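The data block below is final36.pdb; it holds PDB, C-alpha atoms and all ligand atoms.
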ATOM      1  CA  MET A 843       8.420  40.804   5.099  1.00  0.00           C
ATOM      2  CA  ASN A 844       8.022  37.224   6.210  1.00  0.00           C
ATOM      3  CA  ASP A 845      10.555  35.836   8.624  1.00  0.00           C
ATOM      4  CA  VAL A 846      10.864  32.518  10.453  1.00  0.00           C
ATOM      5  CA  GLN A 847       8.068  33.515  12.868  1.00  0.00           C
ATOM      6  CA  THR A 848       5.586  34.530  10.184  1.00  0.00           C
ATOM      7  CA  PRO A 849       4.281  31.631   8.110  1.00  0.00           C
ATOM      8  CA  LEU A 850       3.956  32.162   4.388  1.00  0.00           C
ATOM      9  CA  LYS A 851       0.499  31.259   3.096  1.00  0.00           C
ATOM     10  CA  VAL A 852       0.988  29.141   0.008  1.00  0.00           C
ATOM     11  CA  ALA A 853      -1.982  28.343  -2.233  1.00  0.00           C
ATOM     12  CA  ALA A 854      -1.284  25.229  -4.301  1.00  0.00           C
ATOM     13  CA  MET A 855      -3.183  23.685  -7.199  1.00  0.00           C
ATOM     14  CA  GLY A 856      -2.321  21.372 -10.071  1.00  0.00           C
ATOM     15  CA  ASP A 857      -3.898  20.010 -13.228  1.00  0.00           C
ATOM     16  CA  LEU A 858      -5.709  23.094 -14.482  1.00  0.00           C
ATOM     17  CA  HIS A 859      -5.826  21.553 -17.977  1.00  0.00           C
ATOM     18  CA  VAL A 860      -6.726  24.848 -19.664  1.00  0.00           C
ATOM     19  CA  ARG A 861      -8.330  24.110 -23.034  1.00  0.00           C
ATOM     20  CA  GLU A 862      -8.624  26.090 -26.242  1.00  0.00           C
ATOM     21  CA  ASP A 863     -12.403  26.366 -25.821  1.00  0.00           C
ATOM     22  CA  ASN A 864     -11.661  28.104 -22.498  1.00  0.00           C
ATOM     23  CA  ALA A 865     -14.588  26.186 -20.992  1.00  0.00           C
ATOM     24  CA  GLU A 866     -13.281  26.936 -17.525  1.00  0.00           C
ATOM     25  CA  SER A 867     -11.858  30.346 -16.676  1.00  0.00           C
ATOM     26  CA  TYR A 868      -9.569  30.678 -13.671  1.00  0.00           C
ATOM     27  CA  ARG A 869      -9.804  34.449 -13.492  1.00  0.00           C
ATOM     28  CA  ASP A 870     -12.181  34.622 -10.500  1.00  0.00           C
ATOM     29  CA  LEU A 871     -10.373  31.811  -8.693  1.00  0.00           C
ATOM     30  CA  PHE A 872      -6.996  33.562  -9.119  1.00  0.00           C
ATOM     31  CA  GLY A 873      -8.551  36.747  -7.729  1.00  0.00           C
ATOM     32  CA  GLU A 874      -9.849  34.842  -4.706  1.00  0.00           C
ATOM     33  CA  ILE A 875      -6.487  33.113  -4.178  1.00  0.00           C
ATOM     34  CA  SER A 876      -4.695  36.476  -4.277  1.00  0.00           C
ATOM     35  CA  ARG A 877      -6.790  37.578  -1.296  1.00  0.00           C
ATOM     36  CA  GLU A 878      -6.272  34.274   0.574  1.00  0.00           C
ATOM     37  CA  ALA A 879      -2.564  33.595   0.096  1.00  0.00           C
ATOM     38  CA  ASP A 880       0.902  35.120  -0.308  1.00  0.00           C
ATOM     39  CA  VAL A 881       2.078  32.848  -3.136  1.00  0.00           C
ATOM     40  CA  LEU A 882       0.362  30.648  -5.736  1.00  0.00           C
ATOM     41  CA  VAL A 883       1.982  27.324  -6.630  1.00  0.00           C
ATOM     42  CA  LEU A 884       0.900  25.549  -9.831  1.00  0.00           C
ATOM     43  CA  ALA A 885       1.868  21.870 -10.001  1.00  0.00           C
ATOM     44  CA  GLY A 886       1.815  21.152 -13.735  1.00  0.00           C
ATOM     45  CA  ASP A 887      -0.683  20.098 -16.422  1.00  0.00           C
ATOM     46  CA  LEU A 888      -1.368  23.791 -16.750  1.00  0.00           C
ATOM     47  CA  THR A 889      -2.644  23.206 -20.291  1.00  0.00           C
ATOM     48  CA  ASP A 890      -4.627  20.255 -21.607  1.00  0.00           C
ATOM     49  CA  LEU A 891      -2.625  19.498 -24.763  1.00  0.00           C
ATOM     50  CA  GLY A 892       0.417  21.742 -24.439  1.00  0.00           C
ATOM     51  CA  LYS A 893      -0.857  24.151 -27.123  1.00  0.00           C
ATOM     52  CA  PRO A 894       0.498  27.715 -27.102  1.00  0.00           C
ATOM     53  CA  ARG A 895      -3.096  29.010 -27.461  1.00  0.00           C
ATOM     54  CA  GLU A 896      -4.030  27.243 -24.220  1.00  0.00           C
ATOM     55  CA  ALA A 897      -1.048  28.842 -22.482  1.00  0.00           C
ATOM     56  CA  GLU A 898      -2.125  32.252 -23.783  1.00  0.00           C
ATOM     57  CA  LEU A 899      -5.576  31.781 -22.250  1.00  0.00           C
ATOM     58  CA  LEU A 900      -4.008  30.847 -18.915  1.00  0.00           C
ATOM     59  CA  ALA A 901      -1.657  33.833 -19.187  1.00  0.00           C
ATOM     60  CA  GLN A 902      -4.703  36.099 -19.565  1.00  0.00           C
ATOM     61  CA  ASP A 903      -6.339  34.596 -16.471  1.00  0.00           C
ATOM     62  CA  LEU A 904      -3.076  35.011 -14.541  1.00  0.00           C
ATOM     63  CA  LYS A 905      -3.495  38.787 -14.890  1.00  0.00           C
ATOM     64  CA  ALA A 906      -6.127  38.449 -12.140  1.00  0.00           C
ATOM     65  CA  CYS A 907      -3.436  37.045  -9.831  1.00  0.00           C
ATOM     66  CA  SER A 908      -1.712  39.770  -7.834  1.00  0.00           C
ATOM     67  CA  ILE A 909       0.609  37.478  -5.815  1.00  0.00           C
ATOM     68  CA  PRO A 910       3.776  35.710  -7.080  1.00  0.00           C
ATOM     69  CA  VAL A 911       3.093  32.545  -9.110  1.00  0.00           C
ATOM     70  CA  VAL A 912       5.612  29.719  -9.155  1.00  0.00           C
ATOM     71  CA  GLY A 913       5.309  26.229 -10.597  1.00  0.00           C
ATOM     72  CA  VAL A 914       6.278  23.461 -12.973  1.00  0.00           C
ATOM     73  CA  LEU A 915       4.976  21.996 -16.224  1.00  0.00           C
ATOM     74  CA  GLY A 916       3.281  18.587 -16.382  1.00  0.00           C
ATOM     75  CA  ASN A 917       3.202  15.814 -18.972  1.00  0.00           C
ATOM     76  CA  HIS A 918       0.166  17.353 -20.718  1.00  0.00           C
ATOM     77  CA  ASP A 919       2.162  20.534 -21.310  1.00  0.00           C
ATOM     78  CA  TYR A 920       4.538  18.448 -23.459  1.00  0.00           C
ATOM     79  CA  GLU A 921       1.898  16.769 -25.635  1.00  0.00           C
ATOM     80  CA  CYS A 922       2.198  19.028 -28.718  1.00  0.00           C
ATOM     81  CA  GLY A 923       5.980  19.286 -28.588  1.00  0.00           C
ATOM     82  CA  ALA A 924       5.587  23.027 -27.922  1.00  0.00           C
ATOM     83  CA  HIS A 925       6.523  23.027 -24.229  1.00  0.00           C
ATOM     84  CA  GLU A 926       9.241  25.643 -24.765  1.00  0.00           C
ATOM     85  CA  GLU A 927       6.713  28.013 -26.309  1.00  0.00           C
ATOM     86  CA  VAL A 928       4.210  27.230 -23.538  1.00  0.00           C
ATOM     87  CA  ALA A 929       6.920  27.968 -20.950  1.00  0.00           C
ATOM     88  CA  ARG A 930       7.860  31.247 -22.666  1.00  0.00           C
ATOM     89  CA  ILE A 931       4.247  32.446 -22.711  1.00  0.00           C
ATOM     90  CA  LEU A 932       3.802  31.674 -19.003  1.00  0.00           C
ATOM     91  CA  ARG A 933       7.138  33.262 -18.064  1.00  0.00           C
ATOM     92  CA  ASP A 934       6.184  36.370 -20.046  1.00  0.00           C
ATOM     93  CA  ALA A 935       2.988  36.451 -17.965  1.00  0.00           C
ATOM     94  CA  GLY A 936       5.169  36.670 -14.853  1.00  0.00           C
ATOM     95  CA  MET A 937       5.029  33.055 -13.705  1.00  0.00           C
ATOM     96  CA  ARG A 938       8.259  31.698 -12.242  1.00  0.00           C
ATOM     97  CA  LEU A 939       8.354  28.411 -14.061  1.00  0.00           C
ATOM     98  CA  LEU A 940      10.872  26.042 -12.494  1.00  0.00           C
ATOM     99  CA  ASP A 941      12.535  23.182 -14.341  1.00  0.00           C
ATOM    100  CA  GLY A 942      15.329  22.075 -12.056  1.00  0.00           C
ATOM    101  CA  GLN A 943      15.828  25.429 -10.332  1.00  0.00           C
ATOM    102  CA  SER A 944      14.878  27.131  -7.086  1.00  0.00           C
ATOM    103  CA  VAL A 945      13.593  30.587  -6.240  1.00  0.00           C
ATOM    104  CA  GLU A 946      13.179  32.313  -2.884  1.00  0.00           C
ATOM    105  CA  ILE A 947       9.891  34.104  -2.177  1.00  0.00           C
ATOM    106  CA  GLY A 948       9.018  35.601   1.210  1.00  0.00           C
ATOM    107  CA  GLY A 949      11.841  33.742   2.958  1.00  0.00           C
ATOM    108  CA  VAL A 950      10.807  30.347   1.546  1.00  0.00           C
ATOM    109  CA  GLY A 951      12.814  28.455  -1.068  1.00  0.00           C
ATOM    110  CA  PHE A 952      10.667  26.934  -3.805  1.00  0.00           C
ATOM    111  CA  VAL A 953      12.262  24.057  -5.708  1.00  0.00           C
ATOM    112  CA  GLY A 954      10.608  22.830  -8.872  1.00  0.00           C
ATOM    113  CA  VAL A 955      10.975  19.958 -11.293  1.00  0.00           C
ATOM    114  CA  LYS A 956       8.364  18.042 -13.281  1.00  0.00           C
ATOM    115  CA  GLY A 957       9.601  14.614 -12.205  1.00  0.00           C
ATOM    116  CA  PHE A 958       8.737  11.439 -14.087  1.00  0.00           C
ATOM    117  CA  ALA A 959       7.168   8.000 -13.757  1.00  0.00           C
ATOM    118  CA  GLY A 960       8.830   4.694 -12.881  1.00  0.00           C
ATOM    119  CA  GLY A 961       7.019   3.137  -9.939  1.00  0.00           C
ATOM    120  CA  PHE A 962       7.449   2.806  -6.244  1.00  0.00           C
ATOM    121  CA  GLY A 963       9.478   1.052  -3.587  1.00  0.00           C
ATOM    122  CA  ARG A 964      10.967  -2.339  -4.387  1.00  0.00           C
ATOM    123  CA  ARG A 965       8.641  -2.626  -7.397  1.00  0.00           C
ATOM    124  CA  MET A 966      10.021   0.417  -9.240  1.00  0.00           C
ATOM    125  CA  LEU A 967      11.259  -0.110 -12.785  1.00  0.00           C
ATOM    126  CA  GLY A 968      14.912  -1.184 -12.771  1.00  0.00           C
ATOM    127  CA  TYR A 969      17.694  -0.415 -15.227  1.00  0.00           C
ATOM    128  CA  PHE A 970      17.455  -3.681 -17.173  1.00  0.00           C
ATOM    129  CA  GLY A 971      16.709  -5.051 -20.623  1.00  0.00           C
ATOM    130  CA  GLU A 972      15.930  -3.163 -23.797  1.00  0.00           C
ATOM    131  CA  PRO A 973      17.403   0.264 -24.531  1.00  0.00           C
ATOM    132  CA  ALA A 974      13.876   1.752 -24.408  1.00  0.00           C
ATOM    133  CA  MET A 975      13.419   0.494 -20.827  1.00  0.00           C
ATOM    134  CA  LYS A 976      16.806   1.899 -19.823  1.00  0.00           C
ATOM    135  CA  GLN A 977      15.936   5.213 -21.464  1.00  0.00           C
ATOM    136  CA  PHE A 978      12.749   5.315 -19.400  1.00  0.00           C
ATOM    137  CA  VAL A 979      14.704   4.781 -16.169  1.00  0.00           C
ATOM    138  CA  ASN A 980      17.305   7.323 -17.310  1.00  0.00           C
ATOM    139  CA  GLU A 981      14.580   9.943 -17.654  1.00  0.00           C
ATOM    140  CA  THR A 982      13.513   9.365 -14.036  1.00  0.00           C
ATOM    141  CA  MET A 983      17.127   9.499 -12.881  1.00  0.00           C
ATOM    142  CA  ASN A 984      17.767  12.734 -14.791  1.00  0.00           C
ATOM    143  CA  GLU A 985      14.779  14.380 -13.151  1.00  0.00           C
ATOM    144  CA  THR A 986      15.907  13.278  -9.674  1.00  0.00           C
ATOM    145  CA  LEU A 987      19.444  14.561 -10.290  1.00  0.00           C
ATOM    146  CA  ARG A 988      18.065  17.909 -11.451  1.00  0.00           C
ATOM    147  CA  LEU A 989      15.848  17.968  -8.362  1.00  0.00           C
ATOM    148  CA  GLU A 990      18.880  17.297  -6.161  1.00  0.00           C
ATOM    149  CA  ASN A 991      20.876  20.087  -7.806  1.00  0.00           C
ATOM    150  CA  ALA A 992      17.993  22.511  -7.302  1.00  0.00           C
ATOM    151  CA  MET A 993      17.618  21.506  -3.652  1.00  0.00           C
ATOM    152  CA  ARG A 994      21.318  22.169  -3.061  1.00  0.00           C
ATOM    153  CA  GLN A 995      20.805  25.763  -4.238  1.00  0.00           C
ATOM    154  CA  VAL A 996      18.300  26.576  -1.475  1.00  0.00           C
ATOM    155  CA  ARG A 997      19.654  28.922   1.174  1.00  0.00           C
ATOM    156  CA  ALA A 998      16.345  29.668   2.937  1.00  0.00           C
ATOM    157  CA  LYS A 999      15.519  27.832   6.179  1.00  0.00           C
ATOM    158  CA  ARG A1000      12.065  26.878   4.891  1.00  0.00           C
ATOM    159  CA  SER A1001      11.415  25.177   1.585  1.00  0.00           C
ATOM    160  CA  VAL A1002       8.656  23.749  -0.607  1.00  0.00           C
ATOM    161  CA  VAL A1003       9.229  21.171  -3.348  1.00  0.00           C
ATOM    162  CA  ILE A1004       6.947  21.434  -6.387  1.00  0.00           C
ATOM    163  CA  LEU A1005       6.560  18.338  -8.576  1.00  0.00           C
ATOM    164  CA  HIS A1006       4.046  17.197 -11.140  1.00  0.00           C
ATOM    165  CA  TYR A1007       4.573  13.447 -10.674  1.00  0.00           C
ATOM    166  CA  ALA A1008       3.927  11.821  -7.299  1.00  0.00           C
ATOM    167  CA  PRO A1009       6.877  10.936  -5.047  1.00  0.00           C
ATOM    168  CA  VAL A1010       4.868   8.493  -2.874  1.00  0.00           C
ATOM    169  CA  THR A1011       1.851   6.190  -3.172  1.00  0.00           C
ATOM    170  CA  ASP A1012      -0.041   7.663  -0.168  1.00  0.00           C
ATOM    171  CA  THR A1013      -1.448  10.499  -2.246  1.00  0.00           C
ATOM    172  CA  ILE A1014      -2.392   8.451  -5.326  1.00  0.00           C
ATOM    173  CA  GLU A1015      -4.558   5.955  -3.428  1.00  0.00           C
ATOM    174  CA  SER A1016      -7.834   5.219  -5.234  1.00  0.00           C
ATOM    175  CA  GLU A1017      -6.162   5.486  -8.634  1.00  0.00           C
ATOM    176  CA  PRO A1018      -6.172   2.033 -10.338  1.00  0.00           C
ATOM    177  CA  LEU A1019      -3.248  -0.055  -9.051  1.00  0.00           C
ATOM    178  CA  GLU A1020      -2.283  -0.896 -12.649  1.00  0.00           C
ATOM    179  CA  ILE A1021      -1.280   2.719 -13.389  1.00  0.00           C
ATOM    180  CA  TYR A1022       0.684   3.451 -10.199  1.00  0.00           C
ATOM    181  CA  PRO A1023       4.039   3.061 -12.027  1.00  0.00           C
ATOM    182  CA  PHE A1024       2.984   5.825 -14.459  1.00  0.00           C
ATOM    183  CA  LEU A1025       1.945   8.244 -11.738  1.00  0.00           C
ATOM    184  CA  GLY A1026       5.318   8.859 -10.167  1.00  0.00           C
ATOM    185  CA  SER A1027       8.489   7.487  -8.708  1.00  0.00           C
ATOM    186  CA  SER A1028       9.926   6.755  -5.271  1.00  0.00           C
ATOM    187  CA  ARG A1029      13.250   8.028  -6.580  1.00  0.00           C
ATOM    188  CA  LEU A1030      11.865  11.558  -6.171  1.00  0.00           C
ATOM    189  CA  ALA A1031      11.072  10.939  -2.480  1.00  0.00           C
ATOM    190  CA  GLU A1032      14.486   9.325  -1.889  1.00  0.00           C
ATOM    191  CA  THR A1033      16.148  12.474  -3.192  1.00  0.00           C
ATOM    192  CA  ILE A1034      13.924  14.840  -1.205  1.00  0.00           C
ATOM    193  CA  ASP A1035      14.474  12.868   2.011  1.00  0.00           C
ATOM    194  CA  ARG A1036      18.170  13.728   1.909  1.00  0.00           C
ATOM    195  CA  PHE A1037      17.050  17.285   2.716  1.00  0.00           C
ATOM    196  CA  LYS A1038      14.670  18.844   5.244  1.00  0.00           C
ATOM    197  CA  VAL A1039      11.642  20.463   3.598  1.00  0.00           C
ATOM    198  CA  ASN A1040       8.381  21.944   4.873  1.00  0.00           C
ATOM    199  CA  ALA A1041       6.077  20.616   2.178  1.00  0.00           C
ATOM    200  CA  ILE A1042       6.097  18.657  -1.074  1.00  0.00           C
ATOM    201  CA  VAL A1043       3.257  19.263  -3.520  1.00  0.00           C
ATOM    202  CA  HIS A1044       2.394  17.357  -6.675  1.00  0.00           C
ATOM    203  CA  GLY A1045      -0.472  16.797  -9.079  1.00  0.00           C
ATOM    204  CA  HIS A1046      -0.913  14.360 -12.017  1.00  0.00           C
ATOM    205  CA  ALA A1047      -3.092  11.877 -10.077  1.00  0.00           C
ATOM    206  CA  HIS A1048      -6.592  13.298 -10.459  1.00  0.00           C
ATOM    207  CA  ARG A1049      -7.865  10.651  -8.079  1.00  0.00           C
ATOM    208  CA  GLY A1050      -6.060  10.156  -4.828  1.00  0.00           C
ATOM    209  CA  ARG A1051      -5.694  11.542  -1.359  1.00  0.00           C
ATOM    210  CA  PHE A1052      -4.701  15.047  -0.293  1.00  0.00           C
ATOM    211  CA  GLU A1053      -2.121  14.222   2.317  1.00  0.00           C
ATOM    212  CA  GLY A1054       0.691  11.711   2.684  1.00  0.00           C
ATOM    213  CA  ARG A1055       4.271  11.339   3.884  1.00  0.00           C
ATOM    214  CA  THR A1056       7.617  10.408   2.400  1.00  0.00           C
ATOM    215  CA  PRO A1057       9.426   7.397   3.925  1.00  0.00           C
ATOM    216  CA  GLY A1058      11.424  10.026   5.861  1.00  0.00           C
ATOM    217  CA  GLY A1059       8.190  11.468   7.309  1.00  0.00           C
ATOM    218  CA  GLN A1060       8.011  14.695   5.293  1.00  0.00           C
ATOM    219  CA  PRO A1061       4.540  15.966   4.320  1.00  0.00           C
ATOM    220  CA  VAL A1062       3.332  15.383   0.747  1.00  0.00           C
ATOM    221  CA  TYR A1063       0.189  16.957  -0.710  1.00  0.00           C
ATOM    222  CA  ASN A1064      -1.643  15.996  -3.883  1.00  0.00           C
ATOM    223  CA  VAL A1065      -2.970  19.386  -4.984  1.00  0.00           C
ATOM    224  CA  ALA A1066      -4.561  18.335  -8.299  1.00  0.00           C
ATOM    225  CA  LYS A1067      -7.658  20.513  -8.544  1.00  0.00           C
ATOM    226  CA  HIS A1068      -9.852  17.377  -8.584  1.00  0.00           C
ATOM    227  CA  ILE A1069      -8.662  16.242  -5.137  1.00  0.00           C
ATOM    228  CA  GLU A1070     -10.770  17.148  -2.121  1.00  0.00           C
ATOM    229  CA  LYS A1071      -8.910  19.635   0.070  1.00  0.00           C
ATOM    230  CA  PRO A1072      -9.542  20.506   3.744  1.00  0.00           C
ATOM    231  CA  ASN A1073     -10.854  23.959   2.760  1.00  0.00           C
ATOM    232  CA  GLY A1074     -13.303  22.528   0.211  1.00  0.00           C
ATOM    233  CA  LYS A1075     -11.666  24.529  -2.610  1.00  0.00           C
ATOM    234  CA  PRO A1076      -9.837  23.344  -5.763  1.00  0.00           C
ATOM    235  CA  TYR A1077      -6.658  24.776  -4.239  1.00  0.00           C
ATOM    236  CA  ALA A1078      -5.011  23.996  -0.909  1.00  0.00           C
ATOM    237  CA  ILE A1079      -3.649  26.548   1.527  1.00  0.00           C
ATOM    238  CA  LEU A1080      -0.417  25.485   3.204  1.00  0.00           C
ATOM    239  CA  GLU A1081       1.273  27.557   5.873  1.00  0.00           C
ATOM    240  CA  VAL A1082       5.045  27.141   5.689  1.00  0.00           C
TER
HETATM  241 FE    FE B1101      -3.477  16.140 -15.060  1.00  0.00          FE
HETATM  242 FE    FE B1102      -0.242  14.828 -15.547  1.00  0.00          FE
END
Rendering of file as structure tokens:
Amino acid sequence: MNDVQTPLKVAAMGDLHVREDNAESYRDLFGEISREADVLVLAGDLTDLGKPREAELLAQDLKACSIPVVGVLGNHDYECGAHEEVARILRDAGMRLLDGQSVEIGGVGFVGVKGFAGGFGRRMLGYFGEPAMKQFVNETMNETLRLENAMRQVRAKRSVVILHYAPVTDTIESEPLEIYPFLGSSRLAETIDRFKVNAIVHGHAHRGRFEGRTPGGQPVYNVAKHIEKPNGKPYAILEV
């Protein structure tokens, strides 16, 4: 059993984008990760178009994973309007899919929510104007409130926050400036900074930088599989 003295090895990866043609199998990679880490975290965009068939293919590959798998959905997993079916298939495959909840594994609390867009710092989208704009901001606020509720549930001394959208701009650098507001929201970081966490992981920005910090100084990692990691693999290993 892991205790405070024994770090938990967390493998983290986002943006698998599993497609119906199954062009890229994750079976071997999941086998490798199971030997390298204690837990696998998946940070959303698990499927490319949110099709149940894509989720089934991922579920088959997950059979090669012998460690606990925990994660969140991403925006792509909503594309077909079948996200509930996608979630059911992945849960049936044993994945602990979080959507505003927390789960404790090996003495570490994992908190998961997809998050949403809205922009950063003083330039974030404000609650003003047309109903559609207000609805957009409401969606961000709802996700941050659900994140806060989940964080309050954590009893473990160590914790990891799993998001799909980015909470800071550090880790989305080299994405075009024009799309920053669609890549995440500072409201997520503001919520997280009210708590002490060991790591925050996200995906969604396929270009960007692996490591950053919240305004409160907490470590943020962009674990999208496209991002270069210190170990040279599509997944990162974090010791928490
Ligand atoms: Fe993605
Ligand atoms: Fe995404």
### Task
Could you please extract the residues within 9 Å of ligand FE 1101 (chain B), counting all atoms listed in the file, and hand them back as a list in words?
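My answer, listing the contacting residues, is Gly856, Asp857, Leu858, His859, Gly886, Asp887, Leu888, Thr889, Asp890, Gly916, Asn917, His918, His1006, Gly1045, His1046, Ala1047, His1048, Ala1066 and Lys1067 of chain A.
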### Task
Apply the PyMOL selection byres (((chain A and resi 1060) around 9) and not hetatm) to the structure shown and report the selected residues as number ranges by chain.
A: 1034-1035, 1038-1042, 1054-1059, 1061-1062
### Task
Excluding region 933-941 of chain A and residues on its chain fewer than 6 positions from it, collect all residues at most 12 Å away from it, counting all atoms listed in the file, and give them as a PyMOL selection string.
chain A and resi 881-886+888+897-916+925-927+947+951-957+984-993+1003-1006
C-alpha atoms of the current selection, written as a PDB file, keeping the file's coordinate frame:
ATOM      1  CA  VAL A 881       2.078  32.848  -3.136  1.00  0.00           C
ATOM      2  CA  LEU A 882       0.362  30.648  -5.736  1.00  0.00           C
ATOM      3  CA  VAL A 883       1.982  27.324  -6.630  1.00  0.00           C
ATOM      4  CA  LEU A 884       0.900  25.549  -9.831  1.00  0.00           C
ATOM      5  CA  ALA A 885       1.868  21.870 -10.001  1.00  0.00           C
ATOM      6  CA  GLY A 886       1.815  21.152 -13.735  1.00  0.00           C
ATOM      7  CA  LEU A 888      -1.368  23.791 -16.750  1.00  0.00           C
ATOM      8  CA  ALA A 897      -1.048  28.842 -22.482  1.00  0.00           C
ATOM      9  CA  GLU A 898      -2.125  32.252 -23.783  1.00  0.00           C
ATOM     10  CA  LEU A 899      -5.576  31.781 -22.250  1.00  0.00           C
ATOM     11  CA  LEU A 900      -4.008  30.847 -18.915  1.00  0.00           C
ATOM     12  CA  ALA A 901      -1.657  33.833 -19.187  1.00  0.00           C
ATOM     13  CA  GLN A 902      -4.703  36.099 -19.565  1.00  0.00           C
ATOM     14  CA  ASP A 903      -6.339  34.596 -16.471  1.00  0.00           C
ATOM     15  CA  LEU A 904      -3.076  35.011 -14.541  1.00  0.00           C
ATOM     16  CA  LYS A 905      -3.495  38.787 -14.890  1.00  0.00           C
ATOM     17  CA  ALA A 906      -6.127  38.449 -12.140  1.00  0.00           C
ATOM     18  CA  CYS A 907      -3.436  37.045  -9.831  1.00  0.00           C
ATOM     19  CA  SER A 908      -1.712  39.770  -7.834  1.00  0.00           C
ATOM     20  CA  ILE A 909       0.609  37.478  -5.815  1.00  0.00           C
ATOM     21  CA  PRO A 910       3.776  35.710  -7.080  1.00  0.00           C
ATOM     22  CA  VAL A 911       3.093  32.545  -9.110  1.00  0.00           C
ATOM     23  CA  VAL A 912       5.612  29.719  -9.155  1.00  0.00           C
ATOM     24  CA  GLY A 913       5.309  26.229 -10.597  1.00  0.00           C
ATOM     25  CA  VAL A 914       6.278  23.461 -12.973  1.00  0.00           C
ATOM     26  CA  LEU A 915       4.976  21.996 -16.224  1.00  0.00           C
ATOM     27  CA  GLY A 916       3.281  18.587 -16.382  1.00  0.00           C
ATOM     28  CA  HIS A 925       6.523  23.027 -24.229  1.00  0.00           C
ATOM     29  CA  GLU A 926       9.241  25.643 -24.765  1.00  0.00           C
ATOM     30  CA  GLU A 927       6.713  28.013 -26.309  1.00  0.00           C
ATOM     31  CA  ILE A 947       9.891  34.104  -2.177  1.00  0.00           C
ATOM     32  CA  GLY A 951      12.814  28.455  -1.068  1.00  0.00           C
ATOM     33  CA  PHE A 952      10.667  26.934  -3.805  1.00  0.00           C
ATOM     34  CA  VAL A 953      12.262  24.057  -5.708  1.00  0.00           C
ATOM     35  CA  GLY A 954      10.608  22.830  -8.872  1.00  0.00           C
ATOM     36  CA  VAL A 955      10.975  19.958 -11.293  1.00  0.00           C
ATOM     37  CA  LYS A 956       8.364  18.042 -13.281  1.00  0.00           C
ATOM     38  CA  GLY A 957       9.601  14.614 -12.205  1.00  0.00           C
ATOM     39  CA  ASN A 984      17.767  12.734 -14.791  1.00  0.00           C
ATOM     40  CA  GLU A 985      14.779  14.380 -13.151  1.00  0.00           C
ATOM     41  CA  THR A 986      15.907  13.278  -9.674  1.00  0.00           C
ATOM     42  CA  LEU A 987      19.444  14.561 -10.290  1.00  0.00           C
ATOM     43  CA  ARG A 988      18.065  17.909 -11.451  1.00  0.00           C
ATOM     44  CA  LEU A 989      15.848  17.968  -8.362  1.00  0.00           C
ATOM     45  CA  GLU A 990      18.880  17.297  -6.161  1.00  0.00           C
ATOM     46  CA  ASN A 991      20.876  20.087  -7.806  1.00  0.00           C
ATOM     47  CA  ALA A 992      17.993  22.511  -7.302  1.00  0.00           C
ATOM     48  CA  MET A 993      17.618  21.506  -3.652  1.00  0.00           C
ATOM     49  CA  VAL A1003       9.229  21.171  -3.348  1.00  0.00           C
ATOM     50  CA  ILE A1004       6.947  21.434  -6.387  1.00  0.00           C
ATOM     51  CA  LEU A1005       6.560  18.338  -8.576  1.00  0.00           C
ATOM     52  CA  HIS A1006       4.046  17.197 -11.140  1.00  0.00           C
TER      53      HIS A1006
END
Name every residue that the PyMOL selection byres (((chain A and resi 963) around 9) and not hetatm) selects in this structure, writing the answer as an mmCIF file with C-alpha atoms, in the frame of the given file with chains first and numbers rising.
data_model
loop_
_atom_site.group_PDB
_atom_site.id
_atom_site.type_symbol
_atom_site.label_atom_id
_atom_site.label_comp_id
_atom_site.auth_asym_id
_atom_site.auth_seq_id
_atom_site.Cartn_x
_atom_site.Cartn_y
_atom_site.Cartn_z
ATOM 1 C CA GLY A 961 7.019 3.137 -9.939
ATOM 2 C CA PHE A 962 7.449 2.806 -6.244
ATOM 3 C CA ARG A 964 10.967 -2.339 -4.387
ATOM 4 C CA ARG A 965 8.641 -2.626 -7.397
ATOM 5 C CA MET A 966 10.021 0.417 -9.240
ATOM 6 C CA VAL A 1010 4.868 8.493 -2.874
ATOM 7 C CA SER A 1027 8.489 7.487 -8.708
ATOM 8 C CA SER A 1028 9.926 6.755 -5.271
ATOM 9 C CA ARG A 1029 13.250 8.028 -6.580
#
### Message
Under the rule that all atoms listed in the file are counted, which of A:Val1065, A:Cys922, A:Leu1025, A:Met855 is the nearest residue to ligand FE 1102 (chain B)?
### Response
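Answer, going by the shortest atom-to-atom distance: A:Leu1025.
Counting from CA of Gly873 (chain A), the distance to CA of Tyr1077 (chain A) is 12.6 Å.
Pairwise distance (CA of Lys976 (chain A), CA of Phe1024 (chain A)) equals 15.3 Å.
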### Task
Determine the residue set returned by the PyMOL selection byres (((chain A and resi 1079) around 10) and not hetatm) for the present structure, and present it as a PyMOL selection string.
chain A and resi 850-855+875+878-883+1065+1071-1073+1075+1077-1078+1080-1082
Write to file, as a short mmCIF file (atom, residue, chain, number, x, y, z; two decimals), in the frame of the given file, the residues of the selection just made, with C-alpha atoms.
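Once written, again35.cif looks like this:
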data_model
loop_
_atom_site.label_atom_id
_atom_site.label_comp_id
_atom_site.auth_asym_id
_atom_site.auth_seq_id
_atom_site.Cartn_x
_atom_site.Cartn_y
_atom_site.Cartn_z
CA LEU A 850 3.96 32.16 4.39
CA LYS A 851 0.50 31.26 3.10
CA VAL A 852 0.99 29.14 0.01
CA ALA A 853 -1.98 28.34 -2.23
CA ALA A 854 -1.28 25.23 -4.30
CA MET A 855 -3.18 23.68 -7.20
CA ILE A 875 -6.49 33.11 -4.18
CA GLU A 878 -6.27 34.27 0.57
CA ALA A 879 -2.56 33.60 0.10
CA ASP A 880 0.90 35.12 -0.31
CA VAL A 881 2.08 32.85 -3.14
CA LEU A 882 0.36 30.65 -5.74
CA VAL A 883 1.98 27.32 -6.63
CA VAL A 1065 -2.97 19.39 -4.98
CA LYS A 1071 -8.91 19.64 0.07
CA PRO A 1072 -9.54 20.51 3.74
CA ASN A 1073 -10.85 23.96 2.76
CA LYS A 1075 -11.67 24.53 -2.61
CA TYR A 1077 -6.66 24.78 -4.24
CA ALA A 1078 -5.01 24.00 -0.91
CA LEU A 1080 -0.42 25.48 3.20
CA GLU A 1081 1.27 27.56 5.87
CA VAL A 1082 5.04 27.14 5.69
#
